[in-house]
>>> print(open('work34.txt').read())   # compact mmCIF, C-alpha atoms (C1' of nucleotides)
# COMPACT_ATOMS: atom_id res chain seq x y z
CA ARG N 156 -12.65 -9.07 -12.47
CA LEU N 157 -12.29 -5.82 -10.54
CA VAL N 158 -15.98 -5.15 -10.16
CA PHE N 159 -17.23 -8.48 -8.80
CA PRO N 160 -15.24 -8.40 -5.54
CA PHE N 161 -16.55 -4.90 -4.77
CA ALA N 162 -20.09 -5.86 -5.69
CA LEU N 163 -19.95 -8.99 -3.54
CA ARG N 164 -18.60 -7.07 -0.59
CA SER N 165 -21.47 -4.60 -0.97
CA ALA N 166 -24.01 -7.40 -1.15
CA ALA N 167 -22.62 -8.75 2.10
CA SER N 168 -22.72 -5.43 3.92
CA LEU N 169 -26.26 -4.83 2.65
CA HIS N 170 -27.20 -8.22 4.11
CA SER N 171 -28.64 -9.14 0.76
CA PRO N 172 -28.32 -12.82 -0.13
CA ALA N 173 -30.43 -12.12 -3.23
CA CYS N 174 -27.83 -9.63 -4.48
CA ALA N 175 -25.05 -12.08 -3.79
CA ALA N 176 -26.84 -14.84 -5.65
CA GLY N 177 -27.48 -12.53 -8.61
CA ILE N 178 -23.83 -11.55 -8.74
CA HIS N 179 -22.89 -15.20 -8.38
CA SER N 180 -24.83 -16.04 -11.52
CA SER N 181 -23.25 -13.11 -13.37
CA THR N 182 -19.81 -14.45 -12.50
CA LEU N 183 -20.79 -17.79 -14.01
CA LYS N 184 -22.11 -16.17 -17.19
CA SER N 185 -18.98 -14.10 -17.63
CA GLY N 186 -16.77 -17.07 -16.94
CA LEU N 187 -14.96 -15.20 -14.17
CA ASP N 188 -16.14 -17.47 -11.37
CA LEU N 189 -12.78 -19.21 -11.32
CA ASP N 190 -10.78 -16.02 -10.98
CA SER N 191 -9.05 -16.07 -7.57
CA PHE N 192 -10.27 -12.72 -6.33
CA VAL N 193 -13.80 -13.29 -7.58
CA ARG N 194 -14.10 -16.77 -6.12
CA THR N 195 -12.65 -15.81 -2.75
CA SER N 196 -14.97 -12.81 -2.54
CA LEU N 197 -17.92 -15.01 -3.45
CA ALA N 198 -17.25 -17.56 -0.73
CA ASP N 199 -16.53 -14.80 1.75
CA ALA N 200 -19.73 -12.94 0.90
CA TYR N 201 -21.85 -16.07 1.39
CA GLY N 202 -20.07 -16.63 4.67
CA LYS N 203 -20.66 -13.08 5.89
CA LEU N 204 -24.33 -13.43 4.95
CA GLY N 205 -24.56 -16.48 7.17
CA HIS N 206 -24.92 -18.92 4.27
CA HIS N 207 -22.09 -21.09 5.46
CA ASP N 208 -23.36 -24.08 3.50
CA LEU N 209 -23.23 -22.17 0.21
CA ALA N 210 -19.82 -20.76 1.02
CA LEU N 211 -18.41 -24.21 1.73
CA LYS N 212 -20.11 -25.52 -1.41
CA VAL N 213 -18.24 -22.89 -3.45
CA PHE N 214 -15.04 -24.12 -1.86
CA GLU N 215 -15.79 -27.78 -2.43
CA GLU N 216 -16.73 -27.27 -6.05
CA THR N 217 -13.45 -25.55 -6.79
CA PRO N 218 -11.11 -27.46 -9.11
CA GLN N 219 -7.79 -28.66 -7.71
CA TRP N 220 -5.67 -26.50 -9.99
CA HIS N 221 -7.38 -23.43 -8.58
CA LEU N 222 -7.11 -24.57 -4.95
CA ALA N 223 -3.41 -25.21 -5.41
CA SER N 224 -2.76 -21.50 -5.83
CA ASN N 225 -5.51 -19.73 -3.90
CA ILE N 226 -4.63 -19.80 -0.20
CA LEU N 227 -7.16 -17.15 0.64
CA LEU N 228 -10.01 -19.36 -0.48
CA TRP N 229 -8.77 -21.99 1.97
CA ASN N 230 -8.60 -19.30 4.64
CA VAL N 231 -12.20 -18.32 4.01
CA ALA N 232 -13.24 -21.98 4.24
CA ILE N 233 -11.36 -22.37 7.51
CA ALA N 234 -12.87 -19.25 9.06
CA ILE N 235 -16.36 -20.31 7.99
CA SER N 236 -15.91 -23.85 9.26
CA CYS N 237 -14.92 -22.43 12.64
CA ARG N 238 -17.97 -20.20 12.72
CA SER N 239 -20.28 -23.13 11.92
CA ASP N 240 -18.82 -25.32 14.65
CA LEU N 241 -17.14 -27.52 12.04
CA LEU N 242 -13.83 -27.34 13.83
CA ALA N 243 -12.69 -30.75 12.66
CA ASN N 244 -13.26 -29.64 9.09
CA ALA N 245 -11.30 -26.46 9.71
CA GLN N 246 -8.45 -28.48 11.19
CA ARG N 247 -8.43 -30.82 8.19
CA LEU N 248 -8.34 -27.92 5.74
CA PHE N 249 -5.57 -26.26 7.72
CA ASP N 250 -3.49 -29.45 7.60
CA GLU N 251 -4.19 -30.13 3.93
CA MET N 252 -3.75 -26.70 2.42
CA PRO N 253 -0.78 -26.26 0.08
CA GLU N 254 0.75 -23.44 2.13
CA ARG N 255 -0.30 -21.18 4.99
CA ASN N 256 -0.09 -17.46 5.52
CA PRO N 257 -0.52 -15.67 8.87
CA ALA N 258 -4.29 -15.35 8.36
CA SER N 259 -4.56 -19.14 8.02
CA TRP N 260 -2.89 -19.62 11.39
CA ASN N 261 -4.85 -16.79 12.97
CA SER N 262 -8.21 -18.16 11.80
CA MET N 263 -7.38 -21.59 13.17
CA ILE N 264 -6.15 -20.22 16.49
CA ASP N 265 -9.27 -18.09 16.82
CA GLY N 266 -11.48 -21.07 16.05
CA LEU N 267 -9.80 -23.15 18.76
CA MET N 268 -10.06 -20.30 21.26
CA LYS N 269 -13.74 -19.79 20.52
CA VAL N 270 -14.62 -23.39 21.35
CA GLY N 271 -12.49 -23.25 24.50
CA LEU N 272 -9.64 -25.48 23.30
CA LEU N 273 -7.08 -23.22 24.90
CA GLU N 274 -4.21 -25.68 25.08
CA SER N 275 -4.47 -26.46 21.37
CA ALA N 276 -4.65 -22.77 20.57
CA VAL N 277 -1.57 -22.05 22.65
CA GLU N 278 0.30 -24.91 21.04
CA LEU N 279 -0.54 -23.65 17.56
CA PHE N 280 0.38 -20.11 18.50
CA GLU N 281 3.78 -21.16 19.84
CA ARG N 282 4.41 -23.14 16.65
CA MET N 283 3.35 -20.30 14.37
CA PRO N 284 6.30 -18.95 12.38
CA ASP N 285 5.51 -15.29 11.64
CA LYS N 286 3.21 -14.02 14.35
CA ASN N 287 1.65 -10.66 13.57
CA VAL N 288 -0.40 -8.23 15.63
CA VAL N 289 -3.60 -10.13 14.79
CA SER N 290 -2.09 -13.34 16.19
CA TRP N 291 -1.26 -11.69 19.49
CA THR N 292 -4.63 -9.95 19.69
CA THR N 293 -6.44 -13.20 18.90
CA MET N 294 -4.69 -14.89 21.83
CA LEU N 295 -5.33 -11.97 24.16
CA ALA N 296 -9.02 -11.78 23.26
CA GLY N 297 -9.35 -15.55 23.38
CA PHE N 298 -8.00 -15.80 26.92
CA SER N 299 -10.23 -12.94 27.97
CA ARG N 300 -13.34 -14.52 26.45
CA ASN N 301 -12.58 -17.72 28.33
CA GLY N 302 -12.21 -15.87 31.62
CA HIS N 303 -8.42 -16.10 31.80
CA ASN N 304 -7.84 -12.41 32.10
CA GLU N 305 -4.44 -12.58 33.77
CA LYS N 306 -3.19 -14.67 30.89
CA ALA N 307 -4.77 -12.20 28.49
CA LEU N 308 -2.83 -9.35 30.05
CA SER N 309 0.35 -11.37 30.08
CA MET N 310 -0.02 -11.68 26.29
CA PHE N 311 0.00 -7.89 26.16
CA ASP N 312 3.29 -7.75 28.04
CA ARG N 313 4.76 -10.62 26.09
CA MET N 314 3.99 -8.96 22.79
CA LEU N 315 5.70 -5.76 23.88
CA GLU N 316 8.72 -7.80 24.94
CA ALA N 317 8.68 -9.46 21.53
CA GLY N 318 8.83 -6.02 19.95
CA MET N 319 5.36 -6.27 18.44
CA ARG N 320 3.35 -3.07 18.40
CA PRO N 321 -0.26 -3.34 19.68
CA ASN N 322 -2.99 -1.64 17.64
CA ASN N 323 -6.49 -0.37 18.53
CA PHE N 324 -7.89 -3.90 18.60
CA THR N 325 -5.20 -5.04 21.02
CA VAL N 326 -5.56 -2.08 23.35
CA SER N 327 -9.33 -2.31 23.61
CA ALA N 328 -9.19 -6.07 24.19
CA ALA N 329 -6.59 -5.53 26.92
CA LEU N 330 -8.76 -2.87 28.56
CA ALA N 331 -11.72 -5.25 28.45
CA SER N 332 -9.66 -7.79 30.39
CA CYS N 333 -8.91 -5.20 33.06
CA ALA N 334 -12.61 -4.34 33.20
CA LYS N 335 -13.63 -7.97 33.70
CA MET N 336 -11.16 -8.33 36.56
CA GLY N 337 -11.84 -4.94 38.06
CA ALA N 338 -8.08 -4.45 37.84
CA LEU N 339 -7.68 -0.71 38.16
CA ASN N 340 -3.90 -0.65 38.29
CA ALA N 341 -3.57 -2.77 35.18
CA GLY N 342 -6.17 -0.57 33.50
CA LEU N 343 -4.28 2.58 34.39
CA ARG N 344 -1.12 1.02 33.06
CA ILE N 345 -2.72 0.17 29.71
CA HIS N 346 -4.32 3.61 29.53
CA ASP N 347 -0.95 5.18 30.18
CA TYR N 348 0.63 3.02 27.52
CA ALA N 349 -2.08 4.06 25.05
CA LYS N 350 -1.52 7.75 25.76
CA ARG N 351 2.22 7.47 25.51
CA SER N 352 1.95 5.57 22.26
CA GLY N 353 -0.36 8.07 20.63
CA PHE N 354 -3.59 6.07 20.52
CA ARG N 355 -6.72 8.20 20.29
CA GLU N 356 -9.28 7.75 23.05
CA ASP N 357 -11.99 7.26 20.47
CA GLY N 358 -14.01 4.42 19.07
CA ALA N 359 -13.48 1.04 20.70
CA ILE N 360 -10.62 2.31 22.87
CA GLY N 361 -12.70 5.16 24.29
CA THR N 362 -15.62 2.87 25.03
CA SER N 363 -13.32 0.29 26.59
CA LEU N 364 -11.81 2.98 28.81
CA VAL N 365 -15.24 4.18 29.94
CA ASP N 366 -16.25 0.61 30.70
CA MET N 367 -12.96 -0.24 32.39
CA TYR N 368 -13.04 2.77 34.72
CA SER N 369 -16.63 2.25 35.68
CA LYS N 370 -16.19 -1.48 36.31
CA CYS N 371 -13.13 -0.64 38.43
CA GLY N 372 -15.27 1.66 40.56
CA LYS N 373 -14.01 4.92 39.11
CA VAL N 374 -17.09 6.33 37.43
CA GLU N 375 -15.69 9.86 37.63
CA LEU N 376 -12.67 8.80 35.59
CA ALA N 377 -15.05 7.09 33.18
CA LYS N 378 -16.90 10.37 32.82
CA GLN N 379 -13.67 12.24 32.15
CA VAL N 380 -12.87 9.93 29.25
CA PHE N 381 -16.46 10.08 28.04
CA VAL N 382 -16.62 13.87 27.85
CA ARG N 383 -13.28 14.01 26.06
CA MET N 384 -14.47 11.70 23.30
CA SER N 385 -15.37 13.48 20.08
CA VAL N 386 -17.51 10.72 18.61
CA ARG N 387 -19.77 8.51 20.71
CA ASP N 388 -21.72 5.56 19.35
CA VAL N 389 -24.44 3.42 20.98
CA GLU N 390 -21.88 1.29 22.73
CA THR N 391 -20.13 4.32 24.20
CA TRP N 392 -23.38 5.78 25.53
CA THR N 393 -24.45 2.40 26.89
CA ALA N 394 -21.17 1.96 28.72
CA MET N 395 -21.55 5.40 30.33
CA ILE N 396 -25.21 4.91 31.26
CA MET N 397 -24.37 1.51 32.76
CA GLY N 398 -21.50 3.07 34.65
CA TRP N 399 -23.72 5.67 36.31
CA ALA N 400 -26.44 3.12 36.95
CA VAL N 401 -24.30 0.53 38.71
CA HIS N 402 -22.85 3.25 40.89
CA GLY N 403 -26.34 4.21 41.99
CA CYS N 404 -26.20 7.55 40.20
CA TRP N 405 -29.66 7.30 38.70
CA ARG N 406 -30.01 11.00 37.92
CA GLU N 407 -26.81 11.00 35.89
CA ALA N 408 -27.82 7.78 34.19
CA LEU N 409 -31.18 9.20 33.13
CA GLN N 410 -29.63 12.50 32.12
CA CYS N 411 -27.08 10.64 30.05
CA PHE N 412 -29.88 8.75 28.33
CA GLU N 413 -31.58 12.06 27.50
CA ASP N 414 -28.33 13.50 26.19
CA MET N 415 -27.91 10.45 24.03
CA LYS N 416 -31.29 10.96 22.41
CA CYS N 417 -30.40 14.62 21.76
CA SER N 418 -27.18 13.61 20.09
CA CYS N 419 -28.81 11.74 17.23
CA VAL N 420 -27.63 8.33 18.40
CA ARG N 421 -30.50 5.87 18.45
CA PRO N 422 -30.80 3.76 21.60
CA ASP N 423 -31.01 0.06 20.82
C1' C Y 698 -1.44 3.04 -8.70
C1' U Y 699 -6.45 0.45 -7.16
C1' A Y 700 -9.78 -5.20 -5.56
C1' A Y 701 -10.48 -10.78 -1.94
C1' C Y 702 -9.12 -14.03 3.80
C1' C Y 703 -7.94 -13.61 10.19
C1' A Y 704 -8.31 -10.44 15.74
C1' U Y 705 -11.01 -5.71 19.45
C1' G Y 706 -15.26 -2.25 22.82
C1' G Y 707 -21.37 -1.74 25.58
C1' A Y 708 -25.61 -5.74 26.73
C1' C Y 709 -26.27 -5.37 34.53
C1' A Y 710 -29.86 -8.53 36.88
C1' C Y 711 -25.89 -15.87 40.36
>>> encode(input="work34.txt", output="structure tokens")
Amino acid sequence: RLVFPFALRSAASLHSPACAAGIHSSTLKSGLDLDSFVRTSLADAYGKLGHHDLALKVFEETPQWHLASNILLWNVAIAISCRSDLLANAQRLFDEMPERNPASWNSMIDGLMKVGLLESAVELFERMPDKNVVSWTTMLAGFSRNGHNEKALSMFDRMLEAGMRPNNFTVSAALASCAKMGALNAGLRIHDYAKRSGFREDGAIGTSLVDMYSKCGKVELAKQVFVRMSVRDVETWTAMIMGWAVHGCWREALQCFEDMKCSCVRPD
RNA sequence: CUAACCAUGGACAC
């Protein structure tokens, strides 16, 4: 019961459908396939491996008594339906499920945002009872993906007003909105907020800052963030190389590419 | 005490 969820998660991150299928059959043999954790992990693993059909089959073959108490399995089915463009199915599951937790709402909102049904997403968001940081970030990222970057940034302000604390996901999504608009002042404001609030300029936030400054025409500021970063991944290097390149600094761009190869990060 | 679901960053060249 404790081992199967771990094993299934590993199968998913190894991108091994064969492993997942093997573990699936072990769960059947041991009679644990109807345990909540095991079954949710199984459906989720199939989903993460891209076998949406198998994941939904697991859901559909689940007895009613189990479904009545396993919200997370519904959530997995909703998220997977959204990813396979089965939005109507997701909507039906969302309406029919016995009760909803924040992840149920968030998955549905994200699904609507990803197919561009912004009004429906907004409506659901406003109706949602206990919005968490994921809910706000989903809205922000959704607006940004659909090109409504001002609205995305207004979500950032609204969430602060609502007393909700942004996390790394929120900050990097907000910076990406500034980058897309070339909005330097907004970008500086978010950067300042991040510094004041103790966010590290690493990982996604660091890369977003590099990208934001270079898209706002401030490649020198991008460089300053870049050199301060302690860990740089492919995305970070790419953002910096792109920054130099679009500013016509071809020497720096090429030098940066060389430095990247020396730093044990493989170009993709 | 410990396990499962949801959101974020690079990818220019209409």
>>> closest_atom_pairs(input="work34.txt", of="region 168-277 of chain N", to="chain Y", cutoff="12 Å", atoms="all atoms listed in the file", output="tab-separated table")
residue	atom	partner	partner_atom	distance
N:Asp190	CA	Y:A701	C1'	10.5
N:Ser191	CA	Y:A701	C1'	7.9
N:Phe192	CA	Y:A701	C1'	4.8
N:Val193	CA	Y:A701	C1'	7.0
N:Arg194	CA	Y:A701	C1'	8.2
N:Thr195	CA	Y:A701	C1'	5.5
N:Ser196	CA	Y:A701	C1'	5.0
N:Leu197	CA	Y:A701	C1'	8.7
N:Ala198	CA	Y:A701	C1'	9.7
N:Asp199	CA	Y:C702	C1'	7.7
N:Ala200	CA	Y:A701	C1'	9.9
N:Gly202	CA	Y:C702	C1'	11.3
N:Lys203	CA	Y:C702	C1'	11.8
N:Asn225	CA	Y:C702	C1'	10.2
N:Ile226	CA	Y:C702	C1'	8.3
N:Leu227	CA	Y:C702	C1'	4.9
N:Leu228	CA	Y:C702	C1'	6.9
N:Trp229	CA	Y:C702	C1'	8.2
N:Asn230	CA	Y:C702	C1'	5.4
N:Val231	CA	Y:C702	C1'	5.3
N:Ala232	CA	Y:C702	C1'	9.0
N:Ile233	CA	Y:C702	C1'	9.4
N:Ala234	CA	Y:C703	C1'	7.6
N:Ile235	CA	Y:C702	C1'	10.5
N:Cys237	CA	Y:C703	C1'	11.5
N:Arg255	CA	Y:C702	C1'	11.4
N:Asn256	CA	Y:C702	C1'	9.8
N:Pro257	CA	Y:C703	C1'	7.8
N:Ala258	CA	Y:C703	C1'	4.4
N:Ser259	CA	Y:C703	C1'	6.8
N:Trp260	CA	Y:C703	C1'	7.9
N:Asn261	CA	Y:C703	C1'	5.2
N:Ser262	CA	Y:C703	C1'	4.8
N:Met263	CA	Y:C703	C1'	8.5
N:Ile264	CA	Y:C703	C1'	9.3
N:Asp265	CA	Y:A704	C1'	7.8
N:Gly266	CA	Y:C703	C1'	10.1
N:Met268	CA	Y:A704	C1'	11.4
N:Lys269	CA	Y:A704	C1'	11.8
>>> atom_distance(input="work34.txt", atom1="CA of Asn287 (chain N)", atom2="CA of Gly342 (chain N)")
23.7 Å
>>> atom_distance(input="work34.txt", atom1="CA of Leu157 (chain N)", atom2="CA of Ala245 (chain N)")
28.9 Å
>>> closest_residue(input="work34.txt", among="N:Leu343, N:Met397, N:Leu364, N:Ala175", to="Phe381 (chain N)", atoms="only C-alpha atoms")
N:Leu364
>>> atom_distance(input="work34.txt", atom1="CA of Ala307 (chain N)", atom2="CA of Met395 (chain N)")
24.4 Å
>>> residues_around(input="work34.txt", residues="Ala341 (chain N)", least_positions_apart="5", cutoff="9 Å", atoms="all atoms listed in the file", output="list in words")
Leu308, Leu330, Cys333 and His346 of chain N
>>> axis_aligned_box(input="work34.txt", around="region 173-176 of chain N", padding_each_side="8 Å", output="AutoDock Vina command-line options")
--center_x -27.7 --center_y -12.2 --center_z -4.4 --size_x 21.4 --size_y 21.2 --size_z 18.4
>>> residues_near_point(input="work34.txt", point="(-15.2, -13.7, 31.1)", cutoff="12 Å", atoms="only C-alpha atoms (C1' of nucleotides)", output="list in words")
Gly271, Ala296, Gly297, Phe298, Ser299, Arg300, Asn301, Gly302, His303, Asn304, Glu305, Ala307, Ala328, Ala331, Ser332, Cys333, Ala334, Lys335, Met336 and Gly337 of chain N
>>> write_last_selection(input="work34.txt", atoms="C-alpha atoms", output="PDB file, keeping the file's coordinate frame")
ATOM      1  CA  GLY N 271     -12.490 -23.250  24.500  1.00  0.00           C
ATOM      2  CA  ALA N 296      -9.020 -11.780  23.260  1.00  0.00           C
ATOM      3  CA  GLY N 297      -9.350 -15.550  23.380  1.00  0.00           C
ATOM      4  CA  PHE N 298      -8.000 -15.800  26.920  1.00  0.00           C
ATOM      5  CA  SER N 299     -10.230 -12.940  27.970  1.00  0.00           C
ATOM      6  CA  ARG N 300     -13.340 -14.520  26.450  1.00  0.00           C
ATOM      7  CA  ASN N 301     -12.580 -17.720  28.330  1.00  0.00           C
ATOM      8  CA  GLY N 302     -12.210 -15.870  31.620  1.00  0.00           C
ATOM      9  CA  HIS N 303      -8.420 -16.100  31.800  1.00  0.00           C
ATOM     10  CA  ASN N 304      -7.840 -12.410  32.100  1.00  0.00           C
ATOM     11  CA  GLU N 305      -4.440 -12.580  33.770  1.00  0.00           C
ATOM     12  CA  ALA N 307      -4.770 -12.200  28.490  1.00  0.00           C
ATOM     13  CA  ALA N 328      -9.190  -6.070  24.190  1.00  0.00           C
ATOM     14  CA  ALA N 331     -11.720  -5.250  28.450  1.00  0.00           C
ATOM     15  CA  SER N 332      -9.660  -7.790  30.390  1.00  0.00           C
ATOM     16  CA  CYS N 333      -8.910  -5.200  33.060  1.00  0.00           C
ATOM     17  CA  ALA N 334     -12.610  -4.340  33.200  1.00  0.00           C
ATOM     18  CA  LYS N 335     -13.630  -7.970  33.700  1.00  0.00           C
ATOM     19  CA  MET N 336     -11.160  -8.330  36.560  1.00  0.00           C
ATOM     20  CA  GLY N 337     -11.840  -4.940  38.060  1.00  0.00           C
TER      21      GLY N 337
END
>>> closest_residue(input="work34.txt", among="N:Gly398, N:Pro422, N:Pro160, N:Pro284", to="Gly372 (chain N)", atoms="only C-alpha atoms")
N:Gly398
>>> closest_residue(input="work34.txt", among="N:Ala394, N:Ala167, N:Arg387, N:Glu316", to="Lys416 (chain N)", atoms="only C-alpha atoms")
N:Arg387
>>> closest_residue(input="work34.txt", among="N:Ala338, N:Leu169, N:Val213, N:Val270", to="Cys371 (chain N)", atoms="all atoms listed in the file")
N:Ala338
